[in-house]
file run08.tsv (TSV, C-alpha atoms)
chain	number	residue	atom	x	y	z
A	6	MET	CA	6.24	-1.10	-13.97
A	7	ASN	CA	5.52	-2.20	-10.41
A	8	MET	CA	1.97	-1.23	-9.44
A	9	ILE	CA	2.25	-2.62	-5.89
A	10	GLU	CA	5.38	-3.21	-3.84
A	11	PHE	CA	5.82	-4.39	-0.24
A	12	ARG	CA	9.28	-3.85	1.22
A	13	ASN	CA	10.02	-5.65	4.50
A	14	VAL	CA	6.46	-5.12	5.71
A	15	THR	CA	5.56	-6.31	9.19
A	16	LYS	CA	2.14	-5.83	10.78
A	17	ILE	CA	1.55	-6.50	14.46
A	18	TYR	CA	-1.92	-5.75	15.83
A	19	GLU	CA	-2.55	-4.15	19.21
A	20	ASP	CA	-3.21	-7.54	20.83
A	21	ASN	CA	0.33	-8.54	19.73
A	22	THR	CA	-0.96	-10.78	16.94
A	23	VAL	CA	1.74	-10.88	14.25
A	24	ALA	CA	-0.26	-10.75	11.00
A	25	LEU	CA	2.63	-10.25	8.56
A	26	LYS	CA	6.34	-10.91	9.04
A	27	ASN	CA	8.83	-9.06	6.87
A	28	ILE	CA	6.83	-9.42	3.62
A	29	ASN	CA	8.46	-8.56	0.29
A	30	LEU	CA	6.42	-8.74	-2.90
A	31	THR	CA	5.84	-6.88	-6.14
A	32	ILE	CA	2.82	-6.91	-8.43
A	33	LYS	CA	3.32	-5.49	-11.90
A	34	LYS	CA	0.88	-3.28	-13.79
A	35	GLY	CA	-1.81	-5.39	-15.43
A	36	GLU	CA	-1.17	-8.56	-13.40
A	37	PHE	CA	-3.91	-10.77	-11.92
A	38	VAL	CA	-2.70	-12.23	-8.61
A	39	PHE	CA	-4.36	-14.59	-6.15
A	40	ILE	CA	-3.40	-14.23	-2.48
A	41	VAL	CA	-4.19	-17.54	-0.80
A	42	GLY	CA	-3.74	-19.23	2.55
A	43	PRO	CA	-5.78	-20.40	5.55
A	44	SER	CA	-7.77	-18.06	7.79
A	45	GLY	CA	-5.40	-15.92	9.82
A	46	SER	CA	-2.53	-16.23	7.35
A	47	GLY	CA	-2.51	-12.50	6.56
A	48	LYS	CA	-4.55	-12.24	3.33
A	49	SER	CA	-7.03	-9.62	4.53
A	50	THR	CA	-4.27	-7.70	6.31
A	51	ILE	CA	-2.53	-7.17	2.95
A	52	ILE	CA	-5.78	-5.76	1.48
A	53	LYS	CA	-6.34	-3.48	4.49
A	54	LEU	CA	-2.78	-2.17	4.33
A	55	LEU	CA	-3.14	-1.32	0.64
A	56	ILE	CA	-6.17	0.90	1.25
A	57	ARG	CA	-4.60	2.36	4.41
A	58	GLU	CA	-7.41	1.02	6.59
A	59	ILE	CA	-4.63	0.05	8.99
A	60	PRO	CA	-1.00	1.27	9.26
A	61	VAL	CA	2.12	-0.86	8.87
A	62	THR	CA	4.19	-1.65	11.96
A	63	SER	CA	7.41	-1.47	9.95
A	64	GLY	CA	8.50	-1.47	6.31
A	65	ALA	CA	7.07	0.40	3.34
A	66	ILE	CA	4.31	-0.09	0.76
A	67	PHE	CA	4.50	1.57	-2.65
A	68	ILE	CA	1.64	2.03	-5.10
A	69	ALA	CA	2.74	3.16	-8.56
A	70	GLY	CA	6.09	4.13	-7.02
A	71	ARG	CA	4.65	6.19	-4.17
A	72	ASN	CA	5.14	5.27	-0.52
A	73	ILE	CA	1.63	5.21	0.95
A	74	CYS	CA	2.80	4.61	4.51
A	75	ASN	CA	3.63	8.26	5.12
A	76	LEU	CA	0.57	9.72	3.44
A	77	LYS	CA	-1.21	12.36	5.48
A	78	THR	CA	-4.65	11.28	6.67
A	79	SER	CA	-6.19	13.96	4.44
A	80	ARG	CA	-4.64	12.26	1.37
A	81	ILE	CA	-6.01	8.77	2.06
A	82	PRO	CA	-9.36	9.39	0.27
A	83	GLN	CA	-7.42	10.32	-2.87
A	84	LEU	CA	-5.44	7.08	-2.60
A	85	ARG	CA	-8.67	5.08	-2.37
A	86	ARG	CA	-10.08	6.72	-5.49
A	87	ASN	CA	-7.37	4.91	-7.42
A	88	ILE	CA	-8.13	1.55	-5.83
A	89	GLY	CA	-11.41	-0.29	-6.37
A	90	SER	CA	-12.36	-2.57	-3.47
A	91	VAL	CA	-14.73	-5.55	-3.51
A	92	PHE	CA	-15.58	-7.52	-0.38
A	93	GLN	CA	-17.37	-10.71	0.62
A	94	ASP	CA	-20.29	-8.71	2.02
A	95	PHE	CA	-21.39	-6.46	-0.78
A	96	LYS	CA	-21.73	-3.27	1.29
A	97	LEU	CA	-24.52	-1.91	-0.92
A	98	LEU	CA	-26.76	0.89	0.34
A	99	PRO	CA	-30.15	-0.82	0.76
A	100	ASN	CA	-32.22	2.31	0.03
A	101	LYS	CA	-30.51	2.99	-3.31
A	102	THR	CA	-31.01	1.28	-6.67
A	103	ALA	CA	-28.19	-0.44	-8.52
A	104	PHE	CA	-27.74	2.75	-10.58
A	105	GLU	CA	-27.72	4.93	-7.46
A	106	ASN	CA	-25.26	2.65	-5.61
A	107	VAL	CA	-22.79	2.87	-8.48
A	108	ALA	CA	-23.42	6.57	-9.04
A	109	PHE	CA	-22.70	7.26	-5.36
A	110	ALA	CA	-19.06	6.29	-5.90
A	111	LEU	CA	-18.77	9.06	-8.48
A	112	GLU	CA	-20.83	11.61	-6.53
A	113	VAL	CA	-18.53	11.44	-3.50
A	114	ILE	CA	-15.52	12.38	-5.64
A	115	GLY	CA	-17.38	15.26	-7.23
A	116	LYS	CA	-18.09	13.95	-10.73
A	117	PRO	CA	-20.71	16.07	-12.55
A	118	SER	CA	-24.14	14.55	-13.22
A	119	TYR	CA	-23.64	14.38	-16.99
A	120	VAL	CA	-20.57	12.18	-16.48
A	121	ILE	CA	-22.49	9.98	-14.03
A	122	LYS	CA	-25.36	9.53	-16.50
A	123	VAL	CA	-22.92	8.22	-19.11
A	124	GLN	CA	-20.48	6.18	-16.99
A	125	VAL	CA	-22.91	4.34	-14.72
A	126	PRO	CA	-24.94	2.65	-17.50
A	127	GLN	CA	-21.67	1.77	-19.26
A	128	VAL	CA	-20.25	-0.04	-16.24
A	129	LEU	CA	-23.57	-1.74	-15.41
A	130	LYS	CA	-23.58	-3.05	-18.97
A	131	LEU	CA	-20.03	-4.33	-18.47
A	132	VAL	CA	-21.17	-6.38	-15.46
A	133	GLY	CA	-24.31	-7.56	-17.28
A	134	LEU	CA	-26.84	-5.62	-15.22
A	135	GLU	CA	-28.04	-2.86	-17.53
A	136	HIS	CA	-31.55	-4.35	-17.26
A	137	LYS	CA	-31.46	-4.20	-13.43
A	138	MET	CA	-30.19	-0.64	-12.94
A	139	HIS	CA	-33.42	0.48	-11.25
A	140	SER	CA	-33.64	-2.53	-8.92
A	141	TYR	CA	-32.91	-2.27	-5.20
A	142	PRO	CA	-30.44	-4.66	-3.51
A	143	HIS	CA	-33.23	-6.76	-1.95
A	144	GLN	CA	-34.60	-7.35	-5.46
A	145	LEU	CA	-31.27	-8.75	-6.67
A	146	SER	CA	-29.68	-12.17	-6.18
A	147	ALA	CA	-26.43	-12.44	-4.23
A	148	GLY	CA	-24.49	-12.73	-7.48
A	149	GLU	CA	-26.20	-9.67	-8.91
A	150	GLN	CA	-25.46	-7.71	-5.74
A	151	GLN	CA	-21.78	-8.62	-6.06
A	152	ARG	CA	-21.84	-7.48	-9.69
A	153	VAL	CA	-23.21	-4.12	-8.54
A	154	SER	CA	-20.42	-4.00	-5.96
A	155	ILE	CA	-17.83	-4.66	-8.69
A	156	ALA	CA	-19.43	-2.02	-10.92
A	157	ARG	CA	-19.20	0.49	-8.09
A	158	ALA	CA	-15.54	-0.40	-7.50
A	159	PHE	CA	-14.70	-0.08	-11.20
A	160	VAL	CA	-16.85	2.87	-12.31
A	161	ASN	CA	-14.00	5.34	-11.75
A	162	ARG	CA	-11.68	3.10	-13.82
A	163	PRO	CA	-9.11	2.64	-11.04
A	164	PRO	CA	-5.71	1.21	-12.01
A	165	ILE	CA	-5.99	-1.34	-9.15
A	166	LEU	CA	-8.89	-3.57	-8.10
A	167	LEU	CA	-8.61	-5.38	-4.76
A	168	ALA	CA	-11.01	-8.21	-3.99
A	169	ASP	CA	-11.22	-9.80	-0.54
A	170	GLU	CA	-13.07	-13.14	-0.75
A	171	PRO	CA	-15.49	-11.74	-3.38
A	172	THR	CA	-17.04	-15.17	-4.02
A	173	GLY	CA	-17.22	-16.21	-0.36
A	174	ASN	CA	-21.02	-15.97	-0.16
A	175	LEU	CA	-21.76	-17.27	-3.65
A	176	ASP	CA	-22.53	-20.68	-5.13
A	177	PRO	CA	-20.02	-22.23	-7.59
A	178	ALA	CA	-21.86	-21.26	-10.78
A	179	THR	CA	-22.31	-17.65	-9.63
A	180	SER	CA	-18.68	-17.54	-8.47
A	181	GLU	CA	-17.56	-18.59	-11.95
A	182	GLY	CA	-19.47	-15.68	-13.45
A	183	ILE	CA	-17.88	-13.23	-11.02
A	184	MET	CA	-14.41	-14.55	-11.88
A	185	LYS	CA	-15.07	-14.15	-15.61
A	186	LEU	CA	-16.06	-10.56	-14.89
A	187	LEU	CA	-12.90	-9.86	-12.86
A	188	SER	CA	-10.85	-11.47	-15.63
A	189	ARG	CA	-12.50	-9.18	-18.20
A	190	ILE	CA	-11.71	-6.13	-16.06
A	191	ASN	CA	-8.11	-7.34	-15.83
A	192	LEU	CA	-7.92	-7.66	-19.63
A	193	ILE	CA	-8.94	-4.00	-19.90
A	194	GLY	CA	-5.64	-3.26	-18.13
A	195	THR	CA	-6.59	-3.10	-14.46
A	196	THR	CA	-4.25	-4.74	-11.95
A	197	VAL	CA	-6.26	-7.24	-9.87
A	198	ALA	CA	-5.23	-8.71	-6.51
A	199	MET	CA	-7.71	-11.16	-5.00
A	200	ALA	CA	-7.59	-12.81	-1.59
A	201	THR	CA	-9.40	-16.14	-1.56
A	202	HIS	CA	-9.49	-19.62	-0.06
A	203	ASP	CA	-11.51	-21.06	-2.97
A	204	LYS	CA	-9.23	-23.71	-4.45
A	205	ASN	CA	-11.52	-24.41	-7.42
A	206	ILE	CA	-11.37	-20.81	-8.63
A	207	VAL	CA	-7.60	-20.57	-8.27
A	208	ASN	CA	-7.03	-23.89	-10.02
A	209	ALA	CA	-9.38	-23.00	-12.89
A	210	MET	CA	-7.84	-19.56	-13.53
A	211	ARG	CA	-4.14	-20.54	-13.45
A	212	ARG	CA	-2.84	-17.08	-12.60
A	213	ARG	CA	-0.03	-16.03	-10.30
A	214	VAL	CA	-0.48	-17.40	-6.79
A	215	ILE	CA	1.06	-15.90	-3.64
A	216	GLU	CA	0.53	-18.28	-0.71
A	217	LEU	CA	0.72	-17.10	2.89
A	218	GLU	CA	1.12	-19.09	6.07
A	219	ASP	CA	1.39	-17.53	9.53
A	220	GLY	CA	2.08	-14.12	8.01
A	221	GLU	CA	4.88	-15.23	5.70
A	222	ILE	CA	5.01	-15.88	1.95
A	223	ILE	CA	5.71	-19.60	1.48
A	224	ARG	CA	5.11	-19.68	-2.30
A	225	ASP	CA	4.99	-17.25	-5.23
A	226	GLN	CA	4.19	-19.10	-8.44
A	227	GLN	CA	3.19	-18.06	-11.94
A	228	ARG	CA	0.21	-20.00	-13.38
A	229	GLY	CA	-0.11	-21.59	-9.98
A	230	VAL	CA	-2.66	-23.88	-8.38
A	231	TYR	CA	-3.84	-24.03	-4.77

call {"tool": "encode", "arguments": {"input": "run08.tsv", "output": "structure tokens"}}
result
Amino acid sequence: MNMIEFRNVTKIYEDNTVALKNINLTIKKGEFVFIVGPSGSGKSTIIKLLIREIPVTSGAIFIAGRNICNLKTSRIPQLRRNIGSVFQDFKLLPNKTAFENVAFALEVIGKPSYVIKVQVPQVLKLVGLEHKMHSYPHQLSAGEQQRVSIARAFVNRPPILLADEPTGNLDPATSEGIMKLLSRINLIGTTVAMATHDKNIVNAMRRRVIELEDGEIIRDQQRGVY
């Protein structure tokens, strides 16, 4: 089953920058895919299109067989509930603890408190932070903050997890730990697509690699290196 499909997708920004040119790609359910390429190659544009942060210029994008390009604006929040997103800057709420940051993702979609009390500790344990659930972001290392960010993205058990340079602000040892965590989430059955320019991570993981250059796919390789 195709979880993600781009059909002839072109994205041109308002300043006439052509970010993507006639992209075709499919990502199957349960795959782990690296999207690589230099800055400006279109990696982040793909992530933004998938969460409908920006619209396509032409073409169509399907998630689990559904065209998300003609979704009504009112339906976009529902789309995003099925897609976990992790970014280079952790986007944690500074006045909330690790528990509260993760719980917030469930509160906004209306989960009852008894569900939150069970699911949040479970996912914090998955990311190795059950002992830090009452710590605030400023009391956590950068790696721990990213783990909270991943926990928040995954707490609703979305079928897709998108990561845009999730190790960009982390040292190599911490980055390795984050990648092991994303790999574990993938093994649970979640489809993971990660944009990165970190060659060491890509080469160590040996997963599928989609390489972009000037908005076009120049390579799509299983067990690829960068």

call {"tool": "closest_residue", "arguments": {"input": "run08.tsv", "among": "A:Ala178, A:Ala65, A:Ile32, A:Leu129", "to": "Asn106 of chain A", "atoms": "only C-alpha atoms"}}
result
A:Leu129

call {"tool": "closest_residue", "arguments": {"input": "run08.tsv", "among": "A:Val230, A:Val153, A:Ala147, A:Ile28", "to": "Arg212 of chain A", "atoms": "only C-alpha atoms"}}
result
A:Val230

call {"tool": "closest_residue", "arguments": {"input": "run08.tsv", "among": "A:Thr196, A:Ile9, A:Val61, A:Asp203", "to": "Asn27 of chain A", "atoms": "only C-alpha atoms"}}
result
A:Val61

call {"tool": "residues_around", "arguments": {"input": "run08.tsv", "residues": "Phe11 of chain A", "least_positions_apart": "6", "cutoff": "12 Å", "atoms": "all atoms listed in the file", "output": "number ranges by chain"}}
result
A: 25-33, 51-52, 54-55, 61, 63-74, 222

call {"tool": "residues_around", "arguments": {"input": "run08.tsv", "residues": "Leu98 of chain A", "least_positions_apart": "4", "cutoff": "12 Å", "atoms": "only C-alpha atoms", "output": "PyMOL selection string"}}
result
chain A and resi 94+102-110+141-143+150+153-154+157

call {"tool": "residues_around", "arguments": {"input": "run08.tsv", "residues": "Gln124 of chain A", "least_positions_apart": "3", "cutoff": "12 Å", "atoms": "only C-alpha atoms", "output": "list in words"}}
result
Phe104, Val107, Ala108, Phe109, Ala110, Leu111, Glu112, Lys116, Pro117, Ser118, Tyr119, Val120, Ile121, Gln127, Val128, Leu129, Lys130, Leu131, Glu135, Ala156, Arg157, Phe159, Val160, Asn161 and Arg162 of chain A

call {"tool": "write_last_selection", "arguments": {"input": "run08.tsv", "atoms": "C-alpha atoms", "output": "short mmCIF file (atom, residue, chain, number, x, y, z; two decimals), in the frame of the given file"}}
result
data_model
loop_
_atom_site.label_atom_id
_atom_site.label_comp_id
_atom_site.auth_asym_id
_atom_site.auth_seq_id
_atom_site.Cartn_x
_atom_site.Cartn_y
_atom_site.Cartn_z
CA PHE A 104 -27.74 2.75 -10.58
CA VAL A 107 -22.79 2.87 -8.48
CA ALA A 108 -23.42 6.57 -9.04
CA PHE A 109 -22.70 7.26 -5.36
CA ALA A 110 -19.06 6.29 -5.90
CA LEU A 111 -18.77 9.06 -8.48
CA GLU A 112 -20.83 11.61 -6.53
CA LYS A 116 -18.09 13.95 -10.73
CA PRO A 117 -20.71 16.07 -12.55
CA SER A 118 -24.14 14.55 -13.22
CA TYR A 119 -23.64 14.38 -16.99
CA VAL A 120 -20.57 12.18 -16.48
CA ILE A 121 -22.49 9.98 -14.03
CA GLN A 127 -21.67 1.77 -19.26
CA VAL A 128 -20.25 -0.04 -16.24
CA LEU A 129 -23.57 -1.74 -15.41
CA LYS A 130 -23.58 -3.05 -18.97
CA LEU A 131 -20.03 -4.33 -18.47
CA GLU A 135 -28.04 -2.86 -17.53
CA ALA A 156 -19.43 -2.02 -10.92
CA ARG A 157 -19.20 0.49 -8.09
CA PHE A 159 -14.70 -0.08 -11.20
CA VAL A 160 -16.85 2.87 -12.31
CA ASN A 161 -14.00 5.34 -11.75
CA ARG A 162 -11.68 3.10 -13.82
#

call {"tool": "closest_atom_pairs", "arguments": {"input": "run08.tsv", "of": "segment 184-220 of chain A", "to": "segment 78-90 of chain A", "cutoff": "10 Å", "atoms": "only C-alpha atoms", "output": "Markdown table"}}
result
| residue | atom | partner | partner_atom | distance |
| --- | --- | --- | --- | --- |
| A:Thr195 | CA | A:Gly89 | CA | 9.8 |
| A:Thr196 | CA | A:Ile88 | CA | 9.6 |
| A:Val197 | CA | A:Gly89 | CA | 9.3 |
| A:Ala198 | CA | A:Ser90 | CA | 9.9 |
| A:Met199 | CA | A:Ser90 | CA | 9.9 |
